[in-house]
Amino acid sequence: MDNDGDPEARPFQVLRSTWQPVALSRDLKAGGIISYRLLDEDIVVARMPSGLAAYKDGCPHRGARFGLGKVVGDHLQCPYHGWRFDRGGQCRLIPSLGEGSAVARSAKVASYAVAERYGFVWVRLEDREACPIPAIPEFEDPAWTYVVAEPTPFGAGFRREIENYLDMSHFAFAHADTLGKAAIALIDKYQVTEYPDGFQMDAAFPALSTEGAAISKLQQAHDRVQRCHMPNVTTIRQRFHDGQERVLVHVPSPNTRTSCTVFWSIAISPGFQGPAPDQQMAFAVRVLDEDRVMCENQRPLEVPMRSEACRYVPADRLALTYRKMFAGFCAAAPAIPADSAPAAGCAHPSGAGAAISG
Ligand code: FES
Ligand SMILES: [Fe+2]
């Protein structure tokens, strides 16, 4: 049976086939293990000598969490009774059986695809890959300065965060203390182009000036390109009139239906005349916190897949474009049986010994 009939469940089913960031590369040191809740599933990622490995968090023996375990060679060792699992999730050692004893193939934990790019560790929960991690060349160009932010938890659904990031008509109000009280509230026409993998908005962006206050570089007029890659990667490219640029990315990685963690970073073009990278990051942190407060104070906490009882205006066009394209992305994905997710069940549910003796 599948539960595609519940439209609010569909996004998490579909996103299991997409790459989602779960940690920063710099936070996952050699031999380290991090825990994360991705799409309502507890997972762990370990850095082993031969590479990263990602698992469902829950030992198939008696359900211990792996976050307290340790990496031993290329194995993940459970903290409770020391079972060791290889990178594919197969148990290779059960200490209580004695070194060298055969281990049943059913002593196995679900493992997941894991990758590293842009300073993020990405996990995909299903074998099927719906779409690759989008290419953002500036993040891998050594001539650019690339700054990775601390991931930011939001107590709101991931689609609230995306729609906020795409929205420009809130600047004068939600960001009055950062971007400027005179930030333009009237949103002029902008061009939206749809692609098979998302959409792009191009607009000339006015200076965000507050009367009597000096305009910083980051508030100057610029050409703005906002590119959304389905299902939840959005970049903003700012090209200032002196030719200097910044590229920012936001990826709200879903934890639960009403919470996400925003992974984000900034790439700054060579010779950028403006605030130093750490100052740019500090400013962006303040702006994002203002966004967080707005997202956490919208109701419902996630944008419904069904139509919402709201009154829209032309300035909401980008958010509505996202809704339309995300609905199409979900509709185009194959049906996923509700019971297809690998479970961390016991390796020997019908009695000790039989399933683990090999
Ligand atoms: S619960 Fe993991 S080894 Fe026993
Ligand atoms: Fe904002």
# chains A, B, ... in the order shown; residues from 1 in each chain; ligands from 1
$ closest_atom_pairs --of "chain A" --to "ligand 2" --cutoff "9 Å" --atoms "only C-alpha atoms and all ligand atoms" --output "CSV"
residue,atom,partner,partner_atom_place_in_ligand_line,distance
A:Asn164,CA,ligand 2,1 (Fe),6.0
A:Tyr165,CA,ligand 2,1 (Fe),5.9
A:Leu166,CA,ligand 2,1 (Fe),8.3
A:Asp167,CA,ligand 2,1 (Fe),7.1
A:Met168,CA,ligand 2,1 (Fe),7.3
A:Ser169,CA,ligand 2,1 (Fe),8.9
A:His170,CA,ligand 2,1 (Fe),6.5
A:Phe171,CA,ligand 2,1 (Fe),6.1
A:Ala174,CA,ligand 2,1 (Fe),6.8
A:His175,CA,ligand 2,1 (Fe),6.6
A:Val287,CA,ligand 2,1 (Fe),6.3
A:Leu288,CA,ligand 2,1 (Fe),6.4
A:Asp289,CA,ligand 2,1 (Fe),8.7
A:Glu290,CA,ligand 2,1 (Fe),6.8
A:Asp291,CA,ligand 2,1 (Fe),4.8
A:Arg292,CA,ligand 2,1 (Fe),8.5
A:Met294,CA,ligand 2,1 (Fe),8.6
$ residues_near_ligand --ligand "ligand 1" --cutoff "6 Å" --atoms "only C-alpha atoms and all ligand atoms" --output "list in words"
Cys59, His61, Arg62, Gly63, Ala64, Cys78, Tyr80, His81, Gly82 and Trp83 of chain A
$ select_by_dssp --residues "region 134-324 of chain A" --states "alpha helix (DSSP H)" --output "ChimeraX atom specification"
/A:158-166,171-174,277-296,317-324
$ residues_around --residues "region 112-115 of chain A" --least-positions-apart "5" --cutoff "8 Å" --atoms "only C-alpha atoms" --output "list in words"
Leu52, Ala53, Ala54, Tyr55, Lys56, Val121, Trp122, Val123, Arg124, Leu125, Glu126 and Asp127 of chain A
$ write_last_selection --atoms "N, CA and C atoms" --output "mmCIF file, in the first residue's frame"
data_model
loop_
_atom_site.group_PDB
_atom_site.id
_atom_site.type_symbol
_atom_site.label_atom_id
_atom_site.label_comp_id
_atom_site.auth_asym_id
_atom_site.auth_seq_id
_atom_site.Cartn_x
_atom_site.Cartn_y
_atom_site.Cartn_z
ATOM 1 N N LEU A 52 33.281 8.400 3.988
ATOM 2 C CA LEU A 52 32.107 8.603 4.844
ATOM 3 C C LEU A 52 31.159 7.422 4.746
ATOM 4 N N ALA A 53 30.399 7.198 5.815
ATOM 5 C CA ALA A 53 29.344 6.187 5.798
ATOM 6 C C ALA A 53 28.144 6.751 6.552
ATOM 7 N N ALA A 54 26.946 6.498 6.031
ATOM 8 C CA ALA A 54 25.721 7.005 6.668
ATOM 9 C C ALA A 54 24.798 5.829 6.952
ATOM 10 N N TYR A 55 24.171 5.858 8.128
ATOM 11 C CA TYR A 55 23.323 4.750 8.578
ATOM 12 C C TYR A 55 22.037 5.283 9.193
ATOM 13 N N LYS A 56 21.036 4.431 9.156
ATOM 14 C CA LYS A 56 19.878 4.673 10.016
ATOM 15 C C LYS A 56 20.362 4.547 11.454
ATOM 16 N N VAL A 121 28.147 17.960 4.162
ATOM 17 C CA VAL A 121 27.974 16.514 4.012
ATOM 18 C C VAL A 121 26.514 16.291 3.626
ATOM 19 N N TRP A 122 26.287 15.603 2.505
ATOM 20 C CA TRP A 122 24.940 15.396 1.962
ATOM 21 C C TRP A 122 24.576 13.915 2.048
ATOM 22 N N VAL A 123 23.327 13.647 2.366
ATOM 23 C CA VAL A 123 22.839 12.260 2.446
ATOM 24 C C VAL A 123 21.594 12.117 1.585
ATOM 25 N N ARG A 124 21.478 10.946 0.956
ATOM 26 C CA ARG A 124 20.262 10.608 0.199
ATOM 27 C C ARG A 124 19.719 9.304 0.765
ATOM 28 N N LEU A 125 18.474 9.287 1.170
ATOM 29 C CA LEU A 125 17.929 8.139 1.899
ATOM 30 C C LEU A 125 17.495 6.993 0.989
ATOM 31 N N GLU A 126 17.212 7.281 -0.275
ATOM 32 C CA GLU A 126 16.794 6.218 -1.194
ATOM 33 C C GLU A 126 17.882 5.965 -2.234
ATOM 34 N N ASP A 127 17.899 4.751 -2.781
ATOM 35 C CA ASP A 127 18.871 4.437 -3.832
ATOM 36 C C ASP A 127 18.646 5.308 -5.070
#
$ closest_residue --among "A:Gly89, A:Gly155, A:Gly198, A:Gly31" --to "Ser50 (chain A)" --atoms "only C-alpha atoms"
A:Gly31
